[in-house]
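Asks: The structure file entry00.cif (mmCIF, C-alpha atoms) is provided below.
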```cif
data_model
loop_
_atom_site.label_atom_id
_atom_site.label_comp_id
_atom_site.auth_asym_id
_atom_site.auth_seq_id
_atom_site.Cartn_x
_atom_site.Cartn_y
_atom_site.Cartn_z
CA MET A 1 183.72 12.09 94.25
CA GLU A 2 186.19 12.93 91.50
CA GLN A 3 189.00 10.39 91.48
CA ASN A 4 191.75 9.32 89.14
CA ASN A 5 194.20 6.60 90.06
CA ASN A 6 196.79 7.65 87.48
CA ILE A 7 197.56 11.24 88.41
CA ASN A 8 200.24 12.86 86.29
CA LEU A 9 202.94 13.94 88.72
CA THR A 10 205.42 15.25 86.13
CA ARG A 11 204.99 18.86 87.29
CA GLN A 12 204.93 17.97 91.00
CA PRO A 13 201.76 19.83 92.02
CA ARG A 14 201.17 20.85 95.62
CA VAL A 15 198.69 18.53 97.33
CA THR A 16 196.21 20.26 99.64
CA LEU A 17 195.16 18.81 103.00
CA ARG A 18 192.10 20.35 104.64
CA ILE A 19 192.05 19.42 108.31
CA SER A 20 189.53 20.16 111.05
CA ARG A 21 188.39 18.54 114.25
CA TYR A 22 185.48 16.82 112.51
CA THR A 23 186.57 16.25 108.91
CA MET A 24 189.53 15.76 106.64
CA ALA A 25 189.79 16.05 102.88
CA PHE A 26 192.58 16.02 100.35
CA ALA A 27 192.75 17.57 96.89
CA VAL A 28 195.15 18.25 94.05
CA ALA A 29 194.93 20.06 90.73
CA SER A 30 194.75 17.63 87.80
CA ALA A 31 194.18 18.32 84.12
CA GLU A 32 193.03 14.71 83.73
CA THR A 33 189.62 15.28 85.34
CA GLU A 34 186.69 17.36 84.11
CA ALA A 35 186.68 19.40 87.31
CA GLN A 36 190.45 19.99 87.04
CA VAL A 37 190.74 18.81 90.65
CA VAL A 38 190.91 15.40 92.29
CA TYR A 39 189.04 15.55 95.61
CA GLU A 40 189.13 12.85 98.29
CA PRO A 41 187.20 13.20 101.56
CA TYR A 42 188.37 11.09 104.49
CA ILE A 43 186.21 9.67 107.28
CA VAL A 44 187.60 10.78 110.64
CA LYS A 45 187.54 8.24 113.47
CA SER A 46 186.17 9.46 116.78
CA GLY A 47 188.09 8.77 119.96
CA ILE A 48 191.55 9.45 118.56
CA SER A 49 193.42 12.69 117.98
CA THR A 50 193.50 14.61 114.72
CA ALA A 51 197.20 13.77 114.36
CA ALA A 52 196.47 10.06 114.84
CA ASN A 53 193.69 10.26 112.24
CA LEU A 54 196.10 11.85 109.79
CA ARG A 55 198.68 9.11 110.41
CA GLU A 56 196.03 6.57 109.49
CA ALA A 57 195.06 8.59 106.43
CA PHE A 58 198.63 8.46 105.15
CA LYS A 59 198.32 4.68 105.07
CA THR A 60 195.00 4.42 103.25
CA ALA A 61 193.98 7.67 101.49
CA HIS A 62 194.79 7.49 97.79
CA LEU A 63 196.13 11.03 97.41
CA LEU A 64 198.30 10.73 100.50
CA THR A 65 200.00 7.59 99.21
CA GLN A 66 201.15 9.42 96.06
CA PRO A 67 204.78 10.66 95.88
CA PHE A 68 204.10 14.36 96.35
CA THR A 69 206.90 16.43 97.89
CA ARG A 70 204.96 19.69 98.36
CA ALA A 71 201.85 20.23 100.46
CA GLN A 72 199.50 23.00 101.51
CA VAL A 73 197.61 22.47 104.75
CA MET A 74 194.37 24.31 105.48
CA VAL A 75 193.90 24.21 109.26
CA ASP A 76 190.66 25.03 111.04
CA ALA A 77 192.25 27.02 113.85
CA GLN A 78 191.64 29.97 116.13
CA VAL A 79 192.93 33.09 114.37
CA LEU A 80 194.24 36.35 115.75
CA MET A 81 194.14 39.07 113.09
CA VAL A 82 196.90 41.67 113.46
CA PRO A 83 197.22 44.87 111.38
CA ILE A 84 200.33 44.46 109.26
CA GLU A 85 201.88 47.71 110.50
CA GLU A 86 201.59 46.48 114.11
CA PHE A 87 202.82 42.94 113.51
CA ASP A 88 205.99 41.92 115.36
CA GLU A 89 207.13 38.37 114.71
CA GLN A 90 209.12 38.35 117.95
CA GLN A 91 205.93 39.04 119.93
CA MET A 92 203.65 36.86 117.81
CA GLU A 93 203.61 33.77 120.04
CA ALA A 94 203.19 35.66 123.31
CA LEU A 95 200.33 37.71 121.87
CA TYR A 96 198.58 34.62 120.50
CA LEU A 97 198.87 32.65 123.75
CA HIS A 98 197.61 35.66 125.69
CA SER A 99 194.59 35.87 123.38
CA PHE A 100 193.92 32.10 123.43
CA PRO A 101 195.09 30.74 126.82
CA GLY A 102 194.28 27.11 125.90
CA ALA A 103 196.69 27.07 122.96
CA GLU A 104 199.93 26.31 124.82
CA GLY A 105 200.40 23.00 123.00
CA GLU A 106 200.24 24.56 119.55
CA ALA A 107 202.88 25.81 117.15
CA VAL A 108 202.06 29.47 116.47
CA MET A 109 202.24 30.35 112.79
CA GLN A 110 201.48 33.29 110.53
CA SER A 111 199.97 33.94 107.13
CA VAL A 112 200.27 37.37 105.55
CA LEU A 113 197.20 38.84 103.82
CA PRO A 114 198.79 41.64 101.79
CA ASN A 115 195.56 42.78 100.11
CA LEU A 116 193.99 43.26 103.52
CA ASN A 117 197.04 44.77 105.23
CA ALA A 118 196.81 42.10 107.92
CA VAL A 119 198.62 39.06 109.29
CA ALA A 120 196.58 36.03 110.38
CA VAL A 121 198.26 34.45 113.42
CA PHE A 122 197.02 30.93 114.13
CA GLY A 123 197.92 27.76 116.00
CA VAL A 124 198.66 24.29 114.65
CA ASN A 125 198.80 21.23 116.89
CA LYS A 126 202.48 20.30 117.18
CA ASP A 127 201.89 16.58 116.66
CA LEU A 128 199.80 17.31 113.58
CA ARG A 129 202.50 19.58 112.19
CA LEU A 130 205.12 16.88 112.77
CA VAL A 131 203.05 14.26 110.92
CA VAL A 132 202.72 16.53 107.89
CA GLU A 133 206.35 17.60 107.84
CA ASP A 134 207.49 13.97 108.14
CA HIS A 135 205.84 13.30 104.76
CA TYR A 136 206.57 16.45 102.74
CA ALA A 137 209.75 18.44 102.17
CA ASP A 138 207.91 21.69 101.39
CA VAL A 139 204.87 22.50 103.53
CA ARG A 140 202.89 25.69 104.00
CA PHE A 141 200.03 26.18 106.44
CA ILE A 142 197.10 28.59 106.13
CA PRO A 143 193.86 29.12 108.08
CA THR A 144 190.91 27.32 106.48
CA VAL A 145 188.97 30.55 105.95
CA GLN A 146 191.79 32.48 104.26
CA PRO A 147 190.69 31.89 100.63
CA VAL A 148 187.14 32.94 101.58
CA TRP A 149 188.36 36.14 103.24
CA SER A 150 190.36 37.02 100.13
CA TYR A 151 187.55 36.25 97.69
CA MET A 152 184.85 38.05 99.67
CA HIS A 153 187.14 41.05 99.98
CA GLN A 154 187.32 41.23 96.18
CA ARG A 155 183.57 40.78 96.04
CA SER A 156 183.00 43.62 98.51
CA PHE A 157 184.02 46.21 95.90
CA THR A 158 180.92 45.52 93.78
CA GLY A 159 178.17 48.04 94.41
CA THR A 160 178.22 51.01 96.75
CA HIS A 161 176.67 49.69 99.95
CA ARG A 162 178.37 47.99 102.91
CA LYS A 163 178.41 44.20 103.05
CA LEU A 164 178.57 41.76 105.96
CA TYR A 165 179.62 38.16 105.29
CA GLY A 166 178.88 34.97 107.18
CA TYR A 167 180.74 31.77 106.30
CA PHE A 168 179.53 28.48 107.83
CA HIS A 169 182.03 25.63 108.15
CA ASP A 170 183.03 22.91 110.61
CA LYS A 171 180.15 23.75 113.01
CA LYS A 172 181.35 27.36 113.15
CA LEU A 173 180.33 30.71 111.74
CA ASP A 174 182.95 33.24 110.64
CA ILE A 175 181.52 36.76 110.38
CA PHE A 176 183.53 39.51 108.73
CA CYS A 177 183.36 42.72 106.74
CA PHE A 178 185.80 45.12 105.13
CA ASP A 179 186.51 48.80 104.85
CA LYS A 180 188.43 49.25 101.60
CA ASN A 181 191.67 47.26 102.04
CA ARG A 182 191.23 46.29 105.68
CA PHE A 183 189.09 44.16 107.92
CA LYS A 184 186.52 46.27 109.71
CA PHE A 185 185.34 43.27 111.71
CA THR A 186 186.19 39.58 111.93
CA ASN A 187 185.28 36.98 114.51
CA CYS A 188 184.36 33.31 114.72
CA PHE A 189 181.48 31.77 116.67
CA ALA A 190 180.45 28.21 117.52
CA ALA A 191 177.15 28.08 115.65
CA ASP A 192 175.93 24.88 114.03
CA GLN A 193 172.31 25.80 114.86
CA SER A 194 170.38 28.35 112.83
CA ARG A 195 168.97 30.12 115.90
CA ASP A 196 172.44 30.74 117.31
CA ALA A 197 173.64 31.89 113.89
CA ALA A 198 170.78 34.38 113.57
CA TYR A 199 171.63 35.84 116.98
CA TYR A 200 175.33 36.32 116.15
CA LEU A 201 174.67 37.74 112.68
CA LEU A 202 172.11 40.23 113.94
CA TYR A 203 174.29 41.20 116.91
CA VAL A 204 177.25 42.02 114.66
CA TRP A 205 174.95 43.82 112.20
CA GLN A 206 173.69 46.00 115.03
CA GLN A 207 177.17 46.63 116.47
CA LEU A 208 178.39 47.83 113.07
CA GLN A 209 175.31 50.07 112.76
CA MET A 210 174.49 48.76 109.30
CA ASP A 211 171.54 50.12 107.39
CA ALA A 212 168.54 47.76 107.28
CA GLU A 213 167.35 49.19 103.95
CA LYS A 214 170.57 49.66 102.00
CA ASP A 215 173.37 47.45 103.38
CA GLU A 216 173.74 43.80 102.47
CA MET A 217 174.38 40.46 104.19
CA TYR A 218 175.78 37.43 102.35
CA LEU A 219 175.80 33.90 103.77
CA SER A 220 177.87 31.07 102.35
CA GLY A 221 179.12 27.59 103.13
CA ASP A 222 177.19 24.87 104.95
CA ILE A 223 174.27 27.07 106.03
CA PRO A 224 172.03 25.41 108.65
CA ASP A 225 168.26 25.68 107.97
CA ARG A 226 168.96 28.05 105.08
CA GLU A 227 165.37 29.03 104.34
CA TRP A 228 164.48 29.63 107.99
CA LEU A 229 167.63 31.66 108.58
CA LEU A 230 167.10 33.89 105.55
CA GLU A 231 163.47 34.42 106.50
CA ALA A 232 164.50 35.36 110.05
CA LEU A 233 167.11 37.83 108.79
CA HIS A 234 164.64 39.42 106.39
CA ARG A 235 162.55 40.52 109.35
CA TYR A 236 165.34 42.93 110.27
CA MET A 237 166.98 43.78 106.94
CA ARG A 238 165.91 43.96 103.33
CA LYS A 239 169.01 42.53 101.65
CA ALA A 240 170.09 39.14 103.01
CA PHE A 241 171.28 36.55 100.49
CA ALA A 242 172.79 33.06 100.28
CA ILE A 243 175.72 32.76 97.88
CA ASN A 244 175.43 30.01 95.26
CA PRO A 245 178.99 28.86 94.37
CA SER A 246 177.96 27.60 90.93
CA ALA A 247 176.52 30.99 89.99
CA ASP A 248 179.27 32.96 91.69
CA PHE A 249 182.01 30.99 89.95
CA ASN A 250 180.35 30.97 86.52
CA ARG A 251 179.36 27.28 86.74
CA ALA A 252 182.95 26.11 87.06
CA PRO A 253 183.08 22.27 87.06
CA ILE A 254 184.71 22.23 90.51
CA THR A 255 181.47 23.56 92.01
CA GLN A 256 179.79 20.28 91.04
CA ILE A 257 182.09 18.12 93.18
CA ASN A 258 179.85 16.68 95.86
CA GLY A 259 180.75 17.70 99.39
CA MET A 260 183.68 20.00 98.58
CA PRO A 261 183.74 22.94 101.03
CA LEU A 262 183.57 26.47 99.64
CA ASP A 263 186.98 27.38 101.08
CA LEU A 264 188.62 24.55 99.11
CA MET A 265 186.77 25.48 95.91
CA THR A 266 187.82 29.10 96.37
CA LEU A 267 191.44 28.11 96.95
CA PHE A 268 191.63 26.29 93.61
CA LEU A 269 189.63 28.89 91.65
CA LYS A 270 190.83 32.16 93.19
CA GLY A 271 193.95 31.33 95.18
CA ARG A 272 194.89 32.17 98.74
#
```
As structure tokens - that is how I would like this structure written.
Replies:
Amino acid sequence: MEQNNNINLTRQPRVTLRISRYTMAFAVASAETEAQVVYEPYIVKSGISTAANLREAFKTAHLLTQPFTRAQVMVDAQVLMVPIEEFDEQQMEALYLHSFPGAEGEAVMQSVLPNLNAVAVFGVNKDLRLVVEDHYADVRFIPTVQPVWSYMHQRSFTGTHRKLYGYFHDKKLDIFCFDKNRFKFTNCFAADQSRDAAYYLLYVWQQLQMDAEKDEMYLSGDIPDREWLLEALHRYMRKAFAINPSADFNRAPITQINGMPLDLMTLFLKGR
């Protein structure tokens, strides 16, 4: 873990909080470390809410005890993707709650993806939001996967064949692909087992009528049983690959930080 107890706060950087049901981690850009980022994972206690865990983290986590005034919160949340031309902020909450009936206790928020002509509508637990906003004057929330969507969209323009992406994180699998400057498909599945992941990936591949000889599949993140999964996919398609962050990001020092999720790396290297 990269850590520095004397972070230079002269420029007031924006601290990043990555929050999910199972894990928490905090990070901030710092020129004083080789990786240019200070990263601090936090052990979540079972049996208490995410908001209660974050309250405890503010008492003990090094980065959260620093006098930052600005924060960015990456929330692992259910996302409703709306084409930008059809987005109506007045209808946003009703549409989200209709799509996710169990989300009544959440604050419904939005994040615009201009390069993809879409708006990501997502929910944040109200208690969690209150805890964050009690500590920072300037807070912005984004879905955890947003930096990965944006980066893979840029990546999709290389080559001439269609590409399907699978991103593993927080015991989930996000599957998505693009058609020029739009999502062609995006969905999230509970899939921490390789067999389930293979089923979902192949189902989406079939639904999109992708070509087994020419089109490409790219997996990234915390891939379960990587070798087995790739071998299983190769029975049905020729081009299935696992993305290596170090190679993809030209061996950037941040890729050597142990345990840092790909979405957090991508945020610092490529932006939102």
Asks: By how many Å are CA of Ala197 in chain A and CA of Ile223 in chain A apart?
Replies: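 So the two atoms, CA of Ala197 in chain A and CA of Ile223 in chain A, lie 9.2 Å apart.
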Asks: Compare A:Arg140, A:Lys239, A:Arg21, A:Arg155 by their minimum atom-to-atom distance to Asn125 in chain A, counting all atoms listed in the file, and give me the closest one.
Replies: A:Arg21
Asks: With the file shown as input, list the residues that the PyMOL selection byres ((chain A and resi 148) around 9) selects, as a PyMOL selection string.
Replies: chain A and resi 144-147+149-153+167+262-264+266-267+272
Asks: Place a sphere of radius 9 Å on (183.2, 33.9, 109.1) in the file coordinates and name every protein, DNA or RNA residue with an atom inside or on its surface, counting all atoms listed in the file; give the answer as a ChimeraX atom specification.
Replies: /A:145,148-149,165-169,172-176,186-189
Asks: To one decimal place, how far is CA of Asp170 in chain A from CA of Asp76 in chain A in Å?
Replies: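 Here the two named atoms are 7.9 Å from each other.
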Asks: For Ile84 in chain A, work out the shell of residues within 12 Å, counting all atoms listed in the file and skipping chain neighbours fewer than 3 positions away, then give it as a ChimeraX atom specification.
Replies: /A:81,87-89,92,110-121,181-183
Asks: Ranking A:Leu97, A:Met74, A:Ile243, A:Leu130 by minimum distance to Arg55 in chain A and counting only C-alpha atoms, which one comes first?
Replies: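 Of the candidates, the smallest distance to Arg55 in chain A is held by A:Leu130.
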Asks: Between A:Gly123, A:Gly259, A:Gly102, A:Pro224, single out the one closest to Phe26 in chain A, counting all atoms listed in the file.
Replies: A:Gly259
Asks: Using the chain letters and numbers from the file, which residues does the PyMOL selection byres ((chain A and resi 134) around 12) grab, as a ChimeraX atom specification?
Replies: /A:54-55,58,69-71,127-133,135-139
Asks: Evaluate the PyMOL selection byres ((chain A and resi 215) around 7) on the structure here and hand back the selected residues as an mmCIF file with C-alpha atoms, in the coordinates of the input.
Replies:
```cif
data_model
loop_
_atom_site.group_PDB
_atom_site.id
_atom_site.type_symbol
_atom_site.label_atom_id
_atom_site.label_comp_id
_atom_site.auth_asym_id
_atom_site.auth_seq_id
_atom_site.Cartn_x
_atom_site.Cartn_y
_atom_site.Cartn_z
ATOM 1 C CA HIS A 161 176.670 49.690 99.950
ATOM 2 C CA ARG A 162 178.370 47.990 102.910
ATOM 3 C CA LYS A 163 178.410 44.200 103.050
ATOM 4 C CA MET A 210 174.490 48.760 109.300
ATOM 5 C CA ASP A 211 171.540 50.120 107.390
ATOM 6 C CA ALA A 212 168.540 47.760 107.280
ATOM 7 C CA GLU A 213 167.350 49.190 103.950
ATOM 8 C CA LYS A 214 170.570 49.660 102.000
ATOM 9 C CA GLU A 216 173.740 43.800 102.470
ATOM 10 C CA LYS A 239 169.010 42.530 101.650
#
```
Asks: Which is closer to Trp205 in chain A than all the others in A:Ala240, A:Ala191, A:Val37, A:Ala25, using all atoms listed in the file?
Replies: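 Comparing A:Ala240, A:Ala191, A:Val37, A:Ala25 against Trp205 in chain A, the winner is A:Ala240.
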Asks: What's the separation between CA of Gln12 in chain A and CA of Pro67 in chain A, in Å to one decimal place?
Replies: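 Taking CA of Gln12 in chain A as the start and CA of Pro67 in chain A as the end point, the length is 8.8 Å.
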Asks: Which residue out of A:Glu40, A:Asp222, A:Asp248, A:Glu104 has the minimum interatomic distance to Ala57 in chain A when only C-alpha atoms are used?
Replies: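 With only C-alpha atoms as the atom set, the closest residue is A:Glu40.
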Asks: I want to know what sits within 10 Å of Ala27 in chain A, based on only C-alpha atoms, with residues of the same chain fewer than 6 positions away left out; could you give that as an mmCIF file with C-alpha atoms, keeping the file's coordinate frame?
Replies:
```
data_model
loop_
_atom_site.group_PDB
_atom_site.id
_atom_site.type_symbol
_atom_site.label_atom_id
_atom_site.label_comp_id
_atom_site.auth_asym_id
_atom_site.auth_seq_id
_atom_site.Cartn_x
_atom_site.Cartn_y
_atom_site.Cartn_z
ATOM 1 C CA GLU A 2 186.190 12.930 91.500
ATOM 2 C CA GLN A 3 189.000 10.390 91.480
ATOM 3 C CA ARG A 14 201.170 20.850 95.620
ATOM 4 C CA VAL A 15 198.690 18.530 97.330
ATOM 5 C CA THR A 16 196.210 20.260 99.640
ATOM 6 C CA LEU A 17 195.160 18.810 103.000
ATOM 7 C CA ARG A 18 192.100 20.350 104.640
ATOM 8 C CA VAL A 37 190.740 18.810 90.650
ATOM 9 C CA VAL A 38 190.910 15.400 92.290
ATOM 10 C CA TYR A 39 189.040 15.550 95.610
ATOM 11 C CA GLU A 40 189.130 12.850 98.290
ATOM 12 C CA PRO A 41 187.200 13.200 101.560
ATOM 13 C CA LEU A 63 196.130 11.030 97.410
ATOM 14 C CA LEU A 64 198.300 10.730 100.500
ATOM 15 C CA GLN A 72 199.500 23.000 101.510
ATOM 16 C CA MET A 260 183.680 20.000 98.580
ATOM 17 C CA LEU A 264 188.620 24.550 99.110
ATOM 18 C CA MET A 265 186.770 25.480 95.910
ATOM 19 C CA PHE A 268 191.630 26.290 93.610
#
```
Asks: Would you kindly return, as a PDB file with C-alpha atoms, keeping the file's coordinate frame, each protein, DNA or RNA residue with an atom no farther than 9 Å from any atom of Glu93 in chain A, considering all atoms listed in the file and excluding same-chain residues fewer than 5 positions away?
Replies:
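Now in selection-v1.pdb:
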```pdb
ATOM      1  CA  HIS A  98     197.610  35.660 125.690  1.00  0.00           C
ATOM      2  CA  ALA A 107     202.880  25.810 117.150  1.00  0.00           C
ATOM      3  CA  VAL A 108     202.060  29.470 116.470  1.00  0.00           C
ATOM      4  CA  MET A 109     202.240  30.350 112.790  1.00  0.00           C
ATOM      5  CA  VAL A 121     198.260  34.450 113.420  1.00  0.00           C
TER       6      VAL A 121
END
```
Asks: Would you mind completing range 261-272 of chain A so that it carries all heavy atoms, and writing it out as an mmCIF file, keeping the file's coordinate frame?
Replies:
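Now in part.cif:
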```
data_model
loop_
_atom_site.group_PDB
_atom_site.id
_atom_site.type_symbol
_atom_site.label_atom_id
_atom_site.label_comp_id
_atom_site.auth_asym_id
_atom_site.auth_seq_id
_atom_site.Cartn_x
_atom_site.Cartn_y
_atom_site.Cartn_z
ATOM 1 N N PRO A 261 184.034 21.683 100.336
ATOM 2 C CA PRO A 261 183.740 22.940 101.030
ATOM 3 C C PRO A 261 184.068 24.153 100.160
ATOM 4 O O PRO A 261 184.955 24.106 99.298
ATOM 5 C CB PRO A 261 184.678 22.895 102.254
ATOM 6 C CG PRO A 261 185.108 21.471 102.384
ATOM 7 C CD PRO A 261 185.091 20.909 101.004
ATOM 8 N N LEU A 262 183.373 25.250 100.418
ATOM 9 C CA LEU A 262 183.570 26.470 99.640
ATOM 10 C C LEU A 262 185.001 26.978 99.749
ATOM 11 O O LEU A 262 185.564 27.468 98.770
ATOM 12 C CB LEU A 262 182.596 27.554 100.115
ATOM 13 C CG LEU A 262 182.736 28.911 99.433
ATOM 14 C CD1 LEU A 262 182.392 28.822 97.954
ATOM 15 C CD2 LEU A 262 181.859 29.957 100.125
ATOM 16 N N ASP A 263 185.622 26.864 100.929
ATOM 17 C CA ASP A 263 186.980 27.380 101.080
ATOM 18 C C ASP A 263 187.959 26.638 100.168
ATOM 19 O O ASP A 263 188.887 27.230 99.607
ATOM 20 C CB ASP A 263 187.439 27.322 102.542
ATOM 21 C CG ASP A 263 187.145 25.988 103.202
ATOM 22 O OD1 ASP A 263 187.770 24.980 102.844
ATOM 23 O OD2 ASP A 263 186.282 25.958 104.097
ATOM 24 N N LEU A 264 187.734 25.332 99.986
ATOM 25 C CA LEU A 264 188.620 24.550 99.110
ATOM 26 C C LEU A 264 188.367 24.892 97.644
ATOM 27 O O LEU A 264 189.308 25.040 96.853
ATOM 28 C CB LEU A 264 188.397 23.063 99.378
ATOM 29 C CG LEU A 264 189.482 22.080 98.947
ATOM 30 C CD1 LEU A 264 190.856 22.506 99.433
ATOM 31 C CD2 LEU A 264 189.151 20.679 99.458
ATOM 32 N N MET A 265 187.085 25.040 97.276
ATOM 33 C CA MET A 265 186.770 25.480 95.910
ATOM 34 C C MET A 265 187.441 26.831 95.627
ATOM 35 O O MET A 265 188.055 27.029 94.570
ATOM 36 C CB MET A 265 185.257 25.684 95.751
ATOM 37 C CG MET A 265 184.407 24.456 95.703
ATOM 38 S SD MET A 265 182.691 24.962 95.416
ATOM 39 C CE MET A 265 181.858 23.461 95.931
ATOM 40 N N THR A 266 187.296 27.754 96.565
ATOM 41 C CA THR A 266 187.820 29.100 96.370
ATOM 42 C C THR A 266 189.348 29.077 96.255
ATOM 43 O O THR A 266 189.928 29.829 95.454
ATOM 44 C CB THR A 266 187.397 30.009 97.543
ATOM 45 O OG1 THR A 266 185.987 29.911 97.711
ATOM 46 C CG2 THR A 266 187.748 31.453 97.275
ATOM 47 N N LEU A 267 189.986 28.224 97.019
ATOM 48 C CA LEU A 267 191.440 28.110 96.950
ATOM 49 C C LEU A 267 191.894 27.747 95.542
ATOM 50 O O LEU A 267 192.821 28.354 94.985
ATOM 51 C CB LEU A 267 191.937 27.062 97.951
ATOM 52 C CG LEU A 267 193.441 26.796 97.945
ATOM 53 C CD1 LEU A 267 194.205 27.977 98.526
ATOM 54 C CD2 LEU A 267 193.767 25.522 98.713
ATOM 55 N N PHE A 268 191.226 26.745 94.931
ATOM 56 C CA PHE A 268 191.630 26.290 93.610
ATOM 57 C C PHE A 268 191.229 27.287 92.512
ATOM 58 O O PHE A 268 191.932 27.417 91.512
ATOM 59 C CB PHE A 268 191.053 24.901 93.315
ATOM 60 C CG PHE A 268 191.832 23.800 93.969
ATOM 61 C CD1 PHE A 268 191.407 23.251 95.177
ATOM 62 C CD2 PHE A 268 192.992 23.316 93.390
ATOM 63 C CE1 PHE A 268 192.128 22.239 95.788
ATOM 64 C CE2 PHE A 268 193.721 22.295 93.994
ATOM 65 C CZ PHE A 268 193.286 21.762 95.189
ATOM 66 N N LEU A 269 190.108 27.985 92.693
ATOM 67 C CA LEU A 269 189.630 28.890 91.650
ATOM 68 C C LEU A 269 190.223 30.295 91.746
ATOM 69 O O LEU A 269 190.472 30.944 90.733
ATOM 70 C CB LEU A 269 188.108 28.993 91.708
ATOM 71 C CG LEU A 269 187.341 27.742 91.253
ATOM 72 C CD1 LEU A 269 185.859 27.912 91.568
ATOM 73 C CD2 LEU A 269 187.548 27.483 89.774
ATOM 74 N N LYS A 270 190.436 30.752 92.984
ATOM 75 C CA LYS A 270 190.830 32.160 93.190
ATOM 76 C C LYS A 270 192.167 32.318 93.905
ATOM 77 O O LYS A 270 192.701 33.430 93.956
ATOM 78 C CB LYS A 270 189.747 32.900 93.978
ATOM 79 C CG LYS A 270 188.374 32.925 93.317
ATOM 80 C CD LYS A 270 188.399 33.731 92.025
ATOM 81 C CE LYS A 270 187.007 33.781 91.386
ATOM 82 N NZ LYS A 270 187.032 34.595 90.137
ATOM 83 N N GLY A 271 192.688 31.246 94.468
ATOM 84 C CA GLY A 271 193.950 31.330 95.180
ATOM 85 C C GLY A 271 193.769 31.691 96.639
ATOM 86 O O GLY A 271 192.666 31.789 97.156
ATOM 87 N N ARG A 272 194.888 31.904 97.299
ATOM 88 C CA ARG A 272 194.890 32.170 98.740
ATOM 89 C C ARG A 272 194.419 33.582 99.058
ATOM 90 O O ARG A 272 194.177 33.926 100.188
ATOM 91 C CB ARG A 272 196.308 31.974 99.307
ATOM 92 C CG ARG A 272 196.851 30.576 99.084
ATOM 93 C CD ARG A 272 198.329 30.479 99.366
ATOM 94 N NE ARG A 272 198.624 30.834 100.733
ATOM 95 C CZ ARG A 272 199.843 31.097 101.198
ATOM 96 N NH1 ARG A 272 200.862 31.076 100.381
ATOM 97 N NH2 ARG A 272 200.049 31.410 102.452
#
```
